[in-house]
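One structure is given below, encoded as structure tokens.
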Amino acid sequence: MKLLVATDGSKASEGAVKYAARLFKSFSANSHITVITVQDDSSLRLFKKHTPKGAVEDYLREGADKNLAWAVKYLNKIKLPHDMAIRYGHPSEQIIKEAKAGKFDMIIMGTKGRSSWADTAIGSVAQRVVGTSKTPVLLVKD
């Protein structure tokens with residue numbers, strides 16, 4: 001069983017990592033976890049033209065490292081083997097692309113469980129992944 005766990009550094013994504021770890025332990029020895037974070041760089045493209053070369057990339061990498069830090073520390077602590085993936089672009093698109101390319105059996109991600117007008121009008125990353133992914137998606141509510 002190959003699990004792709006999406007994290008954005010939030011408490012909700014911590015819950016997704018913990019749930020994935022419990023699932024992993026119940027599967028066979030051939031199971032695999034990859035923790036992915038996606039840095040949305042769409043609003044920063046203009047800044048690339050007006051900042052020193054590599055400044056935006058460094059900023060995005062810092063954010064990605066911060067988003068992954070808790071998950072990596074937790075999985076190392078409980079001694080679960082894992083990989084990490086950092087992608088750039090629209091989060092839902094990149095998560096779905098990674099799931100397809102890596103032939104993952106399941107995507108696991110946290111959701112804050114909000115139901116505000118903004119979430120309905122715009123849609124959260126989790127909603128977009130659930131709505132468009134052909135890979136099964138498990139949402140872990142915060």
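Residues are referred to by chain and number: the chain letter is A, B, ... according to the order shown in the structure tokens, the number counts from 1 in that chain, and ligands are numbered separately from 1 in the order shown.
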Checklist entry - Hey, what does DSSP flag as helix (DSSP H, G or I) within chain A? Can you give it to me as a ChimeraX atom specification? => result /A:11-26,42-50,55-77,91-101,117-122,125-132
Item to check | Residue neighbourhood Ala126 in chain A, 9 Å, only C-alpha atoms, exclusion window fewer than 5 positions, as a VMD selection string | outcome: chain A and resid 92 109 to 111 131 137 139
Residues near range 64-72 of chain A, cut-off 12 Å, only C-alpha atoms, skip fewer than 6 positions along chain, as a PDB file with all heavy atoms, in the first residue's frame:
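Written out: around_29.pdb:
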```pdb
ATOM      1  N   VAL A   5       0.704  11.439   1.775  1.00  0.00           N
ATOM      2  CA  VAL A   5       0.139  12.257   2.845  1.00  0.00           C
ATOM      3  C   VAL A   5       0.483  13.714   2.574  1.00  0.00           C
ATOM      4  O   VAL A   5       1.646  14.089   2.558  1.00  0.00           O
ATOM      5  CB  VAL A   5       0.678  11.843   4.234  1.00  0.00           C
ATOM      6  CG1 VAL A   5      -0.018  12.624   5.326  1.00  0.00           C
ATOM      7  CG2 VAL A   5       0.510  10.346   4.453  1.00  0.00           C
ATOM      8  N   ALA A   6      -0.554  14.526   2.357  1.00  0.00           N
ATOM      9  CA  ALA A   6      -0.349  15.943   2.076  1.00  0.00           C
ATOM     10  C   ALA A   6      -0.313  16.710   3.390  1.00  0.00           C
ATOM     11  O   ALA A   6      -1.140  16.498   4.268  1.00  0.00           O
ATOM     12  CB  ALA A   6      -1.474  16.466   1.186  1.00  0.00           C
ATOM     13  N   THR A   7       0.663  17.605   3.507  1.00  0.00           N
ATOM     14  CA  THR A   7       0.780  18.413   4.725  1.00  0.00           C
ATOM     15  C   THR A   7       1.066  19.863   4.364  1.00  0.00           C
ATOM     16  O   THR A   7       1.754  20.154   3.395  1.00  0.00           O
ATOM     17  CB  THR A   7       1.871  17.872   5.675  1.00  0.00           C
ATOM     18  OG1 THR A   7       1.877  18.662   6.865  1.00  0.00           O
ATOM     19  CG2 THR A   7       3.242  17.883   5.044  1.00  0.00           C
ATOM     20  N   ASP A   8       0.482  20.741   5.159  1.00  0.00           N
ATOM     21  CA  ASP A   8       0.753  22.170   5.007  1.00  0.00           C
ATOM     22  C   ASP A   8       1.257  22.771   6.310  1.00  0.00           C
ATOM     23  O   ASP A   8       1.301  23.969   6.485  1.00  0.00           O
ATOM     24  CB  ASP A   8      -0.492  22.907   4.520  1.00  0.00           C
ATOM     25  CG  ASP A   8      -1.667  22.809   5.481  1.00  0.00           C
ATOM     26  OD1 ASP A   8      -1.510  22.209   6.575  1.00  0.00           O
ATOM     27  OD2 ASP A   8      -2.743  23.326   5.149  1.00  0.00           O
ATOM     28  N   GLY A   9       1.626  21.897   7.239  1.00  0.00           N
ATOM     29  CA  GLY A   9       2.144  22.359   8.520  1.00  0.00           C
ATOM     30  C   GLY A   9       1.070  22.677   9.546  1.00  0.00           C
ATOM     31  O   GLY A   9       1.376  23.060  10.658  1.00  0.00           O
ATOM     32  N   SER A  10      -0.200  22.492   9.202  1.00  0.00           N
ATOM     33  CA  SER A  10      -1.293  22.817  10.117  1.00  0.00           C
ATOM     34  C   SER A  10      -1.572  21.663  11.083  1.00  0.00           C
ATOM     35  O   SER A  10      -1.099  20.543  10.889  1.00  0.00           O
ATOM     36  CB  SER A  10      -2.565  23.112   9.319  1.00  0.00           C
ATOM     37  OG  SER A  10      -3.018  21.919   8.683  1.00  0.00           O
ATOM     38  N   LYS A  11      -2.365  21.954  12.112  1.00  0.00           N
ATOM     39  CA  LYS A  11      -2.783  20.907  13.058  1.00  0.00           C
ATOM     40  C   LYS A  11      -3.591  19.833  12.335  1.00  0.00           C
ATOM     41  O   LYS A  11      -3.484  18.657  12.646  1.00  0.00           O
ATOM     42  CB  LYS A  11      -3.621  21.506  14.196  1.00  0.00           C
ATOM     43  CG  LYS A  11      -2.817  22.329  15.165  1.00  0.00           C
ATOM     44  CD  LYS A  11      -1.946  21.434  16.020  1.00  0.00           C
ATOM     45  CE  LYS A  11      -1.208  22.247  17.048  1.00  0.00           C
ATOM     46  NZ  LYS A  11      -0.176  21.469  17.711  1.00  0.00           N
ATOM     47  N   ALA A  12      -4.395  20.242  11.364  1.00  0.00           N
ATOM     48  CA  ALA A  12      -5.194  19.274  10.608  1.00  0.00           C
ATOM     49  C   ALA A  12      -4.293  18.302   9.858  1.00  0.00           C
ATOM     50  O   ALA A  12      -4.552  17.092   9.822  1.00  0.00           O
ATOM     51  CB  ALA A  12      -6.123  19.995   9.637  1.00  0.00           C
ATOM     52  N   SER A  13      -3.210  18.803   9.276  1.00  0.00           N
ATOM     53  CA  SER A  13      -2.319  17.905   8.549  1.00  0.00           C
ATOM     54  C   SER A  13      -1.513  17.023   9.501  1.00  0.00           C
ATOM     55  O   SER A  13      -1.140  15.912   9.152  1.00  0.00           O
ATOM     56  CB  SER A  13      -1.405  18.671   7.580  1.00  0.00           C
ATOM     57  OG  SER A  13      -0.554  19.547   8.254  1.00  0.00           O
ATOM     58  N   GLU A  14      -1.280  17.480  10.728  1.00  0.00           N
ATOM     59  CA  GLU A  14      -0.638  16.623  11.728  1.00  0.00           C
ATOM     60  C   GLU A  14      -1.528  15.409  12.010  1.00  0.00           C
ATOM     61  O   GLU A  14      -1.051  14.286  12.128  1.00  0.00           O
ATOM     62  CB  GLU A  14      -0.381  17.391  13.027  1.00  0.00           C
ATOM     63  CG  GLU A  14       0.755  18.378  12.932  1.00  0.00           C
ATOM     64  CD  GLU A  14       0.984  19.150  14.225  1.00  0.00           C
ATOM     65  OE1 GLU A  14       0.431  18.770  15.274  1.00  0.00           O
ATOM     66  OE2 GLU A  14       1.727  20.151  14.172  1.00  0.00           O
ATOM     67  N   GLY A  15      -2.828  15.648  12.088  1.00  0.00           N
ATOM     68  CA  GLY A  15      -3.771  14.553  12.282  1.00  0.00           C
ATOM     69  C   GLY A  15      -3.728  13.563  11.128  1.00  0.00           C
ATOM     70  O   GLY A  15      -3.808  12.344  11.332  1.00  0.00           O
ATOM     71  N   ALA A  16      -3.559  14.069   9.919  1.00  0.00           N
ATOM     72  CA  ALA A  16      -3.470  13.191   8.742  1.00  0.00           C
ATOM     73  C   ALA A  16      -2.212  12.330   8.800  1.00  0.00           C
ATOM     74  O   ALA A  16      -2.245  11.136   8.483  1.00  0.00           O
ATOM     75  CB  ALA A  16      -3.484  14.030   7.463  1.00  0.00           C
ATOM     76  N   VAL A  17      -1.103  12.919   9.224  1.00  0.00           N
ATOM     77  CA  VAL A  17       0.151  12.165   9.344  1.00  0.00           C
ATOM     78  C   VAL A  17       0.012  11.067  10.397  1.00  0.00           C
ATOM     79  O   VAL A  17       0.414   9.918  10.176  1.00  0.00           O
ATOM     80  CB  VAL A  17       1.338  13.103   9.678  1.00  0.00           C
ATOM     81  CG1 VAL A  17       2.588  12.315  10.024  1.00  0.00           C
ATOM     82  CG2 VAL A  17       1.612  14.053   8.517  1.00  0.00           C
ATOM     83  N   LYS A  18      -0.581  11.395  11.536  1.00  0.00           N
ATOM     84  CA  LYS A  18      -0.772  10.398  12.590  1.00  0.00           C
ATOM     85  C   LYS A  18      -1.672   9.262  12.112  1.00  0.00           C
ATOM     86  O   LYS A  18      -1.400   8.091  12.383  1.00  0.00           O
ATOM     87  CB  LYS A  18      -1.373  11.050  13.841  1.00  0.00           C
ATOM     88  CG  LYS A  18      -0.404  11.926  14.596  1.00  0.00           C
ATOM     89  CD  LYS A  18      -1.083  12.564  15.799  1.00  0.00           C
ATOM     90  CE  LYS A  18      -0.129  13.467  16.555  1.00  0.00           C
ATOM     91  NZ  LYS A  18      -0.790  14.128  17.691  1.00  0.00           N
ATOM     92  N   TYR A  19      -2.724   9.593  11.400  1.00  0.00           N
ATOM     93  CA  TYR A  19      -3.638   8.566  10.906  1.00  0.00           C
ATOM     94  C   TYR A  19      -2.932   7.676   9.885  1.00  0.00           C
ATOM     95  O   TYR A  19      -3.061   6.456   9.915  1.00  0.00           O
ATOM     96  CB  TYR A  19      -4.887   9.201  10.289  1.00  0.00           C
ATOM     97  CG  TYR A  19      -5.974   8.195  10.042  1.00  0.00           C
ATOM     98  CD1 TYR A  19      -6.868   7.873  11.043  1.00  0.00           C
ATOM     99  CD2 TYR A  19      -6.077   7.550   8.814  1.00  0.00           C
ATOM    100  CE1 TYR A  19      -7.860   6.930  10.835  1.00  0.00           C
ATOM    101  CE2 TYR A  19      -7.059   6.603   8.595  1.00  0.00           C
ATOM    102  CZ  TYR A  19      -7.955   6.303   9.610  1.00  0.00           C
ATOM    103  OH  TYR A  19      -8.926   5.363   9.396  1.00  0.00           O
ATOM    104  N   ALA A  20      -2.162   8.290   9.006  1.00  0.00           N
ATOM    105  CA  ALA A  20      -1.416   7.516   8.004  1.00  0.00           C
ATOM    106  C   ALA A  20      -0.425   6.569   8.676  1.00  0.00           C
ATOM    107  O   ALA A  20      -0.244   5.431   8.238  1.00  0.00           O
ATOM    108  CB  ALA A  20      -0.680   8.456   7.048  1.00  0.00           C
ATOM    109  N   ALA A  21       0.199   7.026   9.751  1.00  0.00           N
ATOM    110  CA  ALA A  21       1.150   6.175  10.474  1.00  0.00           C
ATOM    111  C   ALA A  21       0.438   4.957  11.060  1.00  0.00           C
ATOM    112  O   ALA A  21       0.958   3.835  11.005  1.00  0.00           O
ATOM    113  CB  ALA A  21       1.846   6.972  11.577  1.00  0.00           C
ATOM    114  N   ILE A  33       5.115   5.282   2.686  1.00  0.00           N
ATOM    115  CA  ILE A  33       4.542   6.606   2.939  1.00  0.00           C
ATOM    116  C   ILE A  33       5.420   7.664   2.290  1.00  0.00           C
ATOM    117  O   ILE A  33       6.634   7.656   2.455  1.00  0.00           O
ATOM    118  CB  ILE A  33       4.438   6.919   4.448  1.00  0.00           C
ATOM    119  CG1 ILE A  33       3.383   6.044   5.117  1.00  0.00           C
ATOM    120  CG2 ILE A  33       4.092   8.391   4.676  1.00  0.00           C
ATOM    121  CD1 ILE A  33       3.242   6.290   6.606  1.00  0.00           C
ATOM    122  N   THR A  34       4.775   8.567   1.561  1.00  0.00           N
ATOM    123  CA  THR A  34       5.445   9.763   1.066  1.00  0.00           C
ATOM    124  C   THR A  34       4.665  10.956   1.595  1.00  0.00           C
ATOM    125  O   THR A  34       3.445  11.015   1.469  1.00  0.00           O
ATOM    126  CB  THR A  34       5.466   9.812  -0.476  1.00  0.00           C
ATOM    127  OG1 THR A  34       6.234   8.701  -0.962  1.00  0.00           O
ATOM    128  CG2 THR A  34       6.095  11.106  -0.978  1.00  0.00           C
ATOM    129  N   VAL A  35       5.371  11.886   2.210  1.00  0.00           N
ATOM    130  CA  VAL A  35       4.767  13.110   2.718  1.00  0.00           C
ATOM    131  C   VAL A  35       5.061  14.202   1.703  1.00  0.00           C
ATOM    132  O   VAL A  35       6.213  14.434   1.348  1.00  0.00           O
ATOM    133  CB  VAL A  35       5.332  13.500   4.101  1.00  0.00           C
ATOM    134  CG1 VAL A  35       4.663  14.757   4.612  1.00  0.00           C
ATOM    135  CG2 VAL A  35       5.165  12.358   5.092  1.00  0.00           C
ATOM    136  N   ILE A  36       4.001  14.856   1.232  1.00  0.00           N
ATOM    137  CA  ILE A  36       4.159  15.899   0.218  1.00  0.00           C
ATOM    138  C   ILE A  36       3.700  17.239   0.769  1.00  0.00           C
ATOM    139  O   ILE A  36       2.736  17.308   1.530  1.00  0.00           O
ATOM    140  CB  ILE A  36       3.374  15.552  -1.074  1.00  0.00           C
ATOM    141  CG1 ILE A  36       3.644  16.584  -2.176  1.00  0.00           C
ATOM    142  CG2 ILE A  36       1.889  15.405  -0.799  1.00  0.00           C
ATOM    143  CD1 ILE A  36       3.055  16.218  -3.533  1.00  0.00           C
ATOM    144  N   THR A  37       4.395  18.289   0.380  1.00  0.00           N
ATOM    145  CA  THR A  37       3.930  19.646   0.626  1.00  0.00           C
ATOM    146  C   THR A  37       4.059  20.397  -0.687  1.00  0.00           C
ATOM    147  O   THR A  37       4.977  20.144  -1.470  1.00  0.00           O
ATOM    148  CB  THR A  37       4.708  20.349   1.760  1.00  0.00           C
ATOM    149  OG1 THR A  37       4.025  21.569   2.093  1.00  0.00           O
ATOM    150  CG2 THR A  37       6.143  20.639   1.402  1.00  0.00           C
ATOM    151  N   VAL A  38       3.120  21.276  -0.928  1.00  0.00           N
ATOM    152  CA  VAL A  38       3.116  22.046  -2.174  1.00  0.00           C
ATOM    153  C   VAL A  38       3.140  23.522  -1.829  1.00  0.00           C
ATOM    154  O   VAL A  38       2.311  24.001  -1.058  1.00  0.00           O
ATOM    155  CB  VAL A  38       1.875  21.725  -3.032  1.00  0.00           C
ATOM    156  CG1 VAL A  38       1.910  22.520  -4.333  1.00  0.00           C
ATOM    157  CG2 VAL A  38       1.779  20.231  -3.322  1.00  0.00           C
ATOM    158  N   GLN A  39       4.101  24.208  -2.393  1.00  0.00           N
ATOM    159  CA  GLN A  39       4.223  25.647  -2.202  1.00  0.00           C
ATOM    160  C   GLN A  39       3.586  26.335  -3.414  1.00  0.00           C
ATOM    161  O   GLN A  39       4.045  26.164  -4.540  1.00  0.00           O
ATOM    162  CB  GLN A  39       5.687  26.055  -2.080  1.00  0.00           C
ATOM    163  CG  GLN A  39       6.378  25.494  -0.855  1.00  0.00           C
ATOM    164  CD  GLN A  39       5.744  25.982   0.421  1.00  0.00           C
ATOM    165  OE1 GLN A  39       4.961  25.283   1.032  1.00  0.00           O
ATOM    166  NE2 GLN A  39       6.062  27.181   0.834  1.00  0.00           N
ATOM    167  N   ASP A  40       2.523  27.078  -3.158  1.00  0.00           N
ATOM    168  CA  ASP A  40       1.831  27.794  -4.227  1.00  0.00           C
ATOM    169  C   ASP A  40       2.646  29.021  -4.605  1.00  0.00           C
ATOM    170  O   ASP A  40       2.713  29.993  -3.859  1.00  0.00           O
ATOM    171  CB  ASP A  40       0.430  28.188  -3.765  1.00  0.00           C
ATOM    172  CG  ASP A  40      -0.427  28.730  -4.899  1.00  0.00           C
ATOM    173  OD1 ASP A  40       0.108  28.992  -5.994  1.00  0.00           O
ATOM    174  OD2 ASP A  40      -1.639  28.877  -4.675  1.00  0.00           O
ATOM    175  N   ASP A  41       3.283  28.950  -5.745  1.00  0.00           N
ATOM    176  CA  ASP A  41       4.167  30.037  -6.176  1.00  0.00           C
ATOM    177  C   ASP A  41       3.507  30.985  -7.171  1.00  0.00           C
ATOM    178  O   ASP A  41       4.141  31.912  -7.664  1.00  0.00           O
ATOM    179  CB  ASP A  41       5.457  29.467  -6.773  1.00  0.00           C
ATOM    180  CG  ASP A  41       5.220  28.632  -8.015  1.00  0.00           C
ATOM    181  OD1 ASP A  41       4.054  28.346  -8.352  1.00  0.00           O
ATOM    182  OD2 ASP A  41       6.215  28.260  -8.664  1.00  0.00           O
ATOM    183  N   GLU A  57      12.820  31.377  -4.654  1.00  0.00           N
ATOM    184  CA  GLU A  57      12.992  29.929  -4.493  1.00  0.00           C
ATOM    185  C   GLU A  57      13.430  29.589  -3.069  1.00  0.00           C
ATOM    186  O   GLU A  57      12.947  28.621  -2.474  1.00  0.00           O
ATOM    187  CB  GLU A  57      13.999  29.386  -5.510  1.00  0.00           C
ATOM    188  CG  GLU A  57      13.489  29.381  -6.932  1.00  0.00           C
ATOM    189  CD  GLU A  57      13.559  30.748  -7.627  1.00  0.00           C
ATOM    190  OE1 GLU A  57      14.103  31.719  -7.047  1.00  0.00           O
ATOM    191  OE2 GLU A  57      13.035  30.846  -8.750  1.00  0.00           O
ATOM    192  N   ASP A  58      14.346  30.386  -2.523  1.00  0.00           N
ATOM    193  CA  ASP A  58      14.788  30.168  -1.142  1.00  0.00           C
ATOM    194  C   ASP A  58      13.635  30.351  -0.160  1.00  0.00           C
ATOM    195  O   ASP A  58      13.483  29.570   0.784  1.00  0.00           O
ATOM    196  CB  ASP A  58      15.932  31.126  -0.775  1.00  0.00           C
ATOM    197  CG  ASP A  58      17.225  30.810  -1.502  1.00  0.00           C
ATOM    198  OD1 ASP A  58      17.349  29.716  -2.072  1.00  0.00           O
ATOM    199  OD2 ASP A  58      18.114  31.686  -1.502  1.00  0.00           O
ATOM    200  N   ILE A  78       8.749   7.600  15.507  1.00  0.00           N
ATOM    201  CA  ILE A  78       8.079   6.296  15.607  1.00  0.00           C
ATOM    202  C   ILE A  78       8.695   5.268  14.642  1.00  0.00           C
ATOM    203  O   ILE A  78       8.167   4.181  14.481  1.00  0.00           O
ATOM    204  CB  ILE A  78       6.549   6.415  15.404  1.00  0.00           C
ATOM    205  CG1 ILE A  78       6.219   6.915  14.000  1.00  0.00           C
ATOM    206  CG2 ILE A  78       5.925   7.279  16.475  1.00  0.00           C
ATOM    207  CD1 ILE A  78       4.737   6.840  13.677  1.00  0.00           C
ATOM    208  N   LYS A  79       9.805   5.672  14.042  1.00  0.00           N
ATOM    209  CA  LYS A  79      10.615   4.783  13.210  1.00  0.00           C
ATOM    210  C   LYS A  79       9.854   4.192  12.013  1.00  0.00           C
ATOM    211  O   LYS A  79       9.955   3.005  11.722  1.00  0.00           O
ATOM    212  CB  LYS A  79      11.225   3.671  14.058  1.00  0.00           C
ATOM    213  CG  LYS A  79      12.198   4.177  15.100  1.00  0.00           C
ATOM    214  CD  LYS A  79      12.775   3.042  15.922  1.00  0.00           C
ATOM    215  CE  LYS A  79      13.863   3.472  16.822  1.00  0.00           C
ATOM    216  NZ  LYS A  79      13.603   4.328  17.892  1.00  0.00           N
ATOM    217  N   LEU A  80       9.118   5.072  11.309  1.00  0.00           N
ATOM    218  CA  LEU A  80       8.449   4.650  10.082  1.00  0.00           C
ATOM    219  C   LEU A  80       9.234   5.189   8.893  1.00  0.00           C
ATOM    220  O   LEU A  80       9.489   6.393   8.808  1.00  0.00           O
ATOM    221  CB  LEU A  80       7.023   5.193  10.012  1.00  0.00           C
ATOM    222  CG  LEU A  80       5.960   4.454  10.781  1.00  0.00           C
ATOM    223  CD1 LEU A  80       4.594   5.047  10.496  1.00  0.00           C
ATOM    224  CD2 LEU A  80       5.941   2.983  10.470  1.00  0.00           C
ATOM    225  N   PRO A  81       9.614   4.329   7.988  1.00  0.00           N
ATOM    226  CA  PRO A  81      10.331   4.809   6.798  1.00  0.00           C
ATOM    227  C   PRO A  81       9.396   5.656   5.932  1.00  0.00           C
ATOM    228  O   PRO A  81       8.201   5.365   5.834  1.00  0.00           O
ATOM    229  CB  PRO A  81      10.734   3.516   6.085  1.00  0.00           C
ATOM    230  CG  PRO A  81       9.803   2.478   6.600  1.00  0.00           C
ATOM    231  CD  PRO A  81       9.389   2.894   7.974  1.00  0.00           C
ATOM    232  N   HIS A  82       9.954   6.682   5.349  1.00  0.00           N
ATOM    233  CA  HIS A  82       9.141   7.597   4.551  1.00  0.00           C
ATOM    234  C   HIS A  82      10.012   8.360   3.569  1.00  0.00           C
ATOM    235  O   HIS A  82      11.228   8.412   3.715  1.00  0.00           O
ATOM    236  CB  HIS A  82       8.409   8.588   5.467  1.00  0.00           C
ATOM    237  CG  HIS A  82       9.354   9.407   6.287  1.00  0.00           C
ATOM    238  ND1 HIS A  82       9.910   8.919   7.454  1.00  0.00           N
ATOM    239  CD2 HIS A  82       9.874  10.633   6.104  1.00  0.00           C
ATOM    240  CE1 HIS A  82      10.717   9.841   7.956  1.00  0.00           C
ATOM    241  NE2 HIS A  82      10.712  10.889   7.150  1.00  0.00           N
ATOM    242  N   ASP A  83       9.358   8.930   2.582  1.00  0.00           N
ATOM    243  CA  ASP A  83       9.992   9.841   1.639  1.00  0.00           C
ATOM    244  C   ASP A  83       9.295  11.188   1.769  1.00  0.00           C
ATOM    245  O   ASP A  83       8.195  11.273   2.291  1.00  0.00           O
ATOM    246  CB  ASP A  83       9.819   9.358   0.195  1.00  0.00           C
ATOM    247  CG  ASP A  83      10.575   8.087  -0.090  1.00  0.00           C
ATOM    248  OD1 ASP A  83      11.654   7.892   0.493  1.00  0.00           O
ATOM    249  OD2 ASP A  83      10.082   7.291  -0.902  1.00  0.00           O
ATOM    250  N   MET A  84       9.941  12.208   1.235  1.00  0.00           N
ATOM    251  CA  MET A  84       9.353  13.541   1.212  1.00  0.00           C
ATOM    252  C   MET A  84       9.322  14.032  -0.217  1.00  0.00           C
ATOM    253  O   MET A  84      10.200  13.699  -1.011  1.00  0.00           O
ATOM    254  CB  MET A  84      10.175  14.509   2.054  1.00  0.00           C
ATOM    255  CG  MET A  84      10.201  14.183   3.518  1.00  0.00           C
ATOM    256  SD  MET A  84      11.320  15.275   4.412  1.00  0.00           S
ATOM    257  CE  MET A  84      12.882  14.840   3.691  1.00  0.00           C
ATOM    258  N   ALA A  85       8.322  14.836  -0.521  1.00  0.00           N
ATOM    259  CA  ALA A  85       8.228  15.451  -1.843  1.00  0.00           C
ATOM    260  C   ALA A  85       7.857  16.915  -1.652  1.00  0.00           C
ATOM    261  O   ALA A  85       6.955  17.233  -0.880  1.00  0.00           O
ATOM    262  CB  ALA A  85       7.182  14.744  -2.688  1.00  0.00           C
ATOM    263  N   ILE A  86       8.579  17.783  -2.342  1.00  0.00           N
ATOM    264  CA  ILE A  86       8.259  19.207  -2.341  1.00  0.00           C
ATOM    265  C   ILE A  86       7.917  19.561  -3.783  1.00  0.00           C
ATOM    266  O   ILE A  86       8.698  19.279  -4.701  1.00  0.00           O
ATOM    267  CB  ILE A  86       9.444  20.054  -1.854  1.00  0.00           C
ATOM    268  CG1 ILE A  86       9.783  19.701  -0.406  1.00  0.00           C
ATOM    269  CG2 ILE A  86       9.127  21.550  -2.000  1.00  0.00           C
ATOM    270  CD1 ILE A  86      11.053  20.355   0.106  1.00  0.00           C
ATOM    271  N   ARG A  87       6.758  20.145  -3.962  1.00  0.00           N
ATOM    272  CA  ARG A  87       6.319  20.540  -5.295  1.00  0.00           C
ATOM    273  C   ARG A  87       5.909  22.002  -5.254  1.00  0.00           C
ATOM    274  O   ARG A  87       5.587  22.556  -4.205  1.00  0.00           O
ATOM    275  CB  ARG A  87       5.139  19.676  -5.776  1.00  0.00           C
ATOM    276  CG  ARG A  87       5.455  18.198  -5.852  1.00  0.00           C
ATOM    277  CD  ARG A  87       6.475  17.895  -6.955  1.00  0.00           C
ATOM    278  NE  ARG A  87       6.775  16.470  -7.012  1.00  0.00           N
ATOM    279  CZ  ARG A  87       7.850  15.900  -6.474  1.00  0.00           C
ATOM    280  NH1 ARG A  87       8.748  16.642  -5.839  1.00  0.00           N
ATOM    281  NH2 ARG A  87       8.059  14.614  -6.580  1.00  0.00           N
ATOM    282  N   TYR A  88       5.890  22.614  -6.420  1.00  0.00           N
ATOM    283  CA  TYR A  88       5.537  24.022  -6.555  1.00  0.00           C
ATOM    284  C   TYR A  88       4.417  24.146  -7.574  1.00  0.00           C
ATOM    285  O   TYR A  88       4.407  23.463  -8.591  1.00  0.00           O
ATOM    286  CB  TYR A  88       6.761  24.835  -7.010  1.00  0.00           C
ATOM    287  CG  TYR A  88       7.908  24.696  -6.042  1.00  0.00           C
ATOM    288  CD1 TYR A  88       8.902  23.745  -6.239  1.00  0.00           C
ATOM    289  CD2 TYR A  88       7.962  25.489  -4.911  1.00  0.00           C
ATOM    290  CE1 TYR A  88       9.942  23.602  -5.326  1.00  0.00           C
ATOM    291  CE2 TYR A  88       8.999  25.346  -3.995  1.00  0.00           C
ATOM    292  CZ  TYR A  88       9.976  24.408  -4.212  1.00  0.00           C
ATOM    293  OH  TYR A  88      10.987  24.266  -3.302  1.00  0.00           O
TER     294      TYR A  88
END
```
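The closest residue to Lys2 in chain A, picked from A:Val130, A:Leu138, A:Ala99, A:Val56 and counting only C-alpha atoms, is A:Ala99.
CA of Lys97 in chain A is positioned 22.7 Å from CA of Leu23 in chain A.
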Next on the checklist: Rounded to one decimal, what separation in Å do you get between CA of Ser31 in chain A and CA of Thr132 in chain A?
Outcome noted: 24.7 Å
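Taking CA of Ile95 in chain A as the reference point, CA of Thr51 in chain A is found at 28.3 Å.
Closest to Pro91 in chain A among A:Val129, A:Leu60, A:Leu3, A:Gly54 is A:Val129, based on only C-alpha atoms.
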Next on the checklist: Using DSSP secondary structure from the backbone, list all strand (DSSP E or B) positions within chain A, as a ChimeraX atom specification.
Outcome noted: /A:2-6,32-39,83-88,106-111,137-141
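Distances here use only C-alpha atoms; by that measure, the residue among A:Met1, A:Leu46, A:Lys53, A:Arg61 closest to Asn30 in chain A is A:Met1.
With only C-alpha atoms as the atoms that count, the residue of A:Lys112, A:Glu93, A:Ile107, A:Ser124 with the shortest distance to Pro136 in chain A is A:Ile107.
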Next on the checklist: Would you pick out the contacts of Ser42 in chain A at 8 Å or less, using only C-alpha atoms, so that residues sharing its chain but fewer than 2 positions from it are not included, and give the list as a PyMOL selection string?
Outcome noted: chain A and resi 40+44-45+89-90
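Checking A:Ala29, A:Ile108, A:Val125, A:Asn76 one by one against Val140 in chain A, counting only C-alpha atoms, you find the shortest gap at A:Ile108.
Closest to His32 in chain A among A:Tyr74, A:Leu4, A:Thr135, A:Lys141 is A:Leu4, based on only C-alpha atoms.
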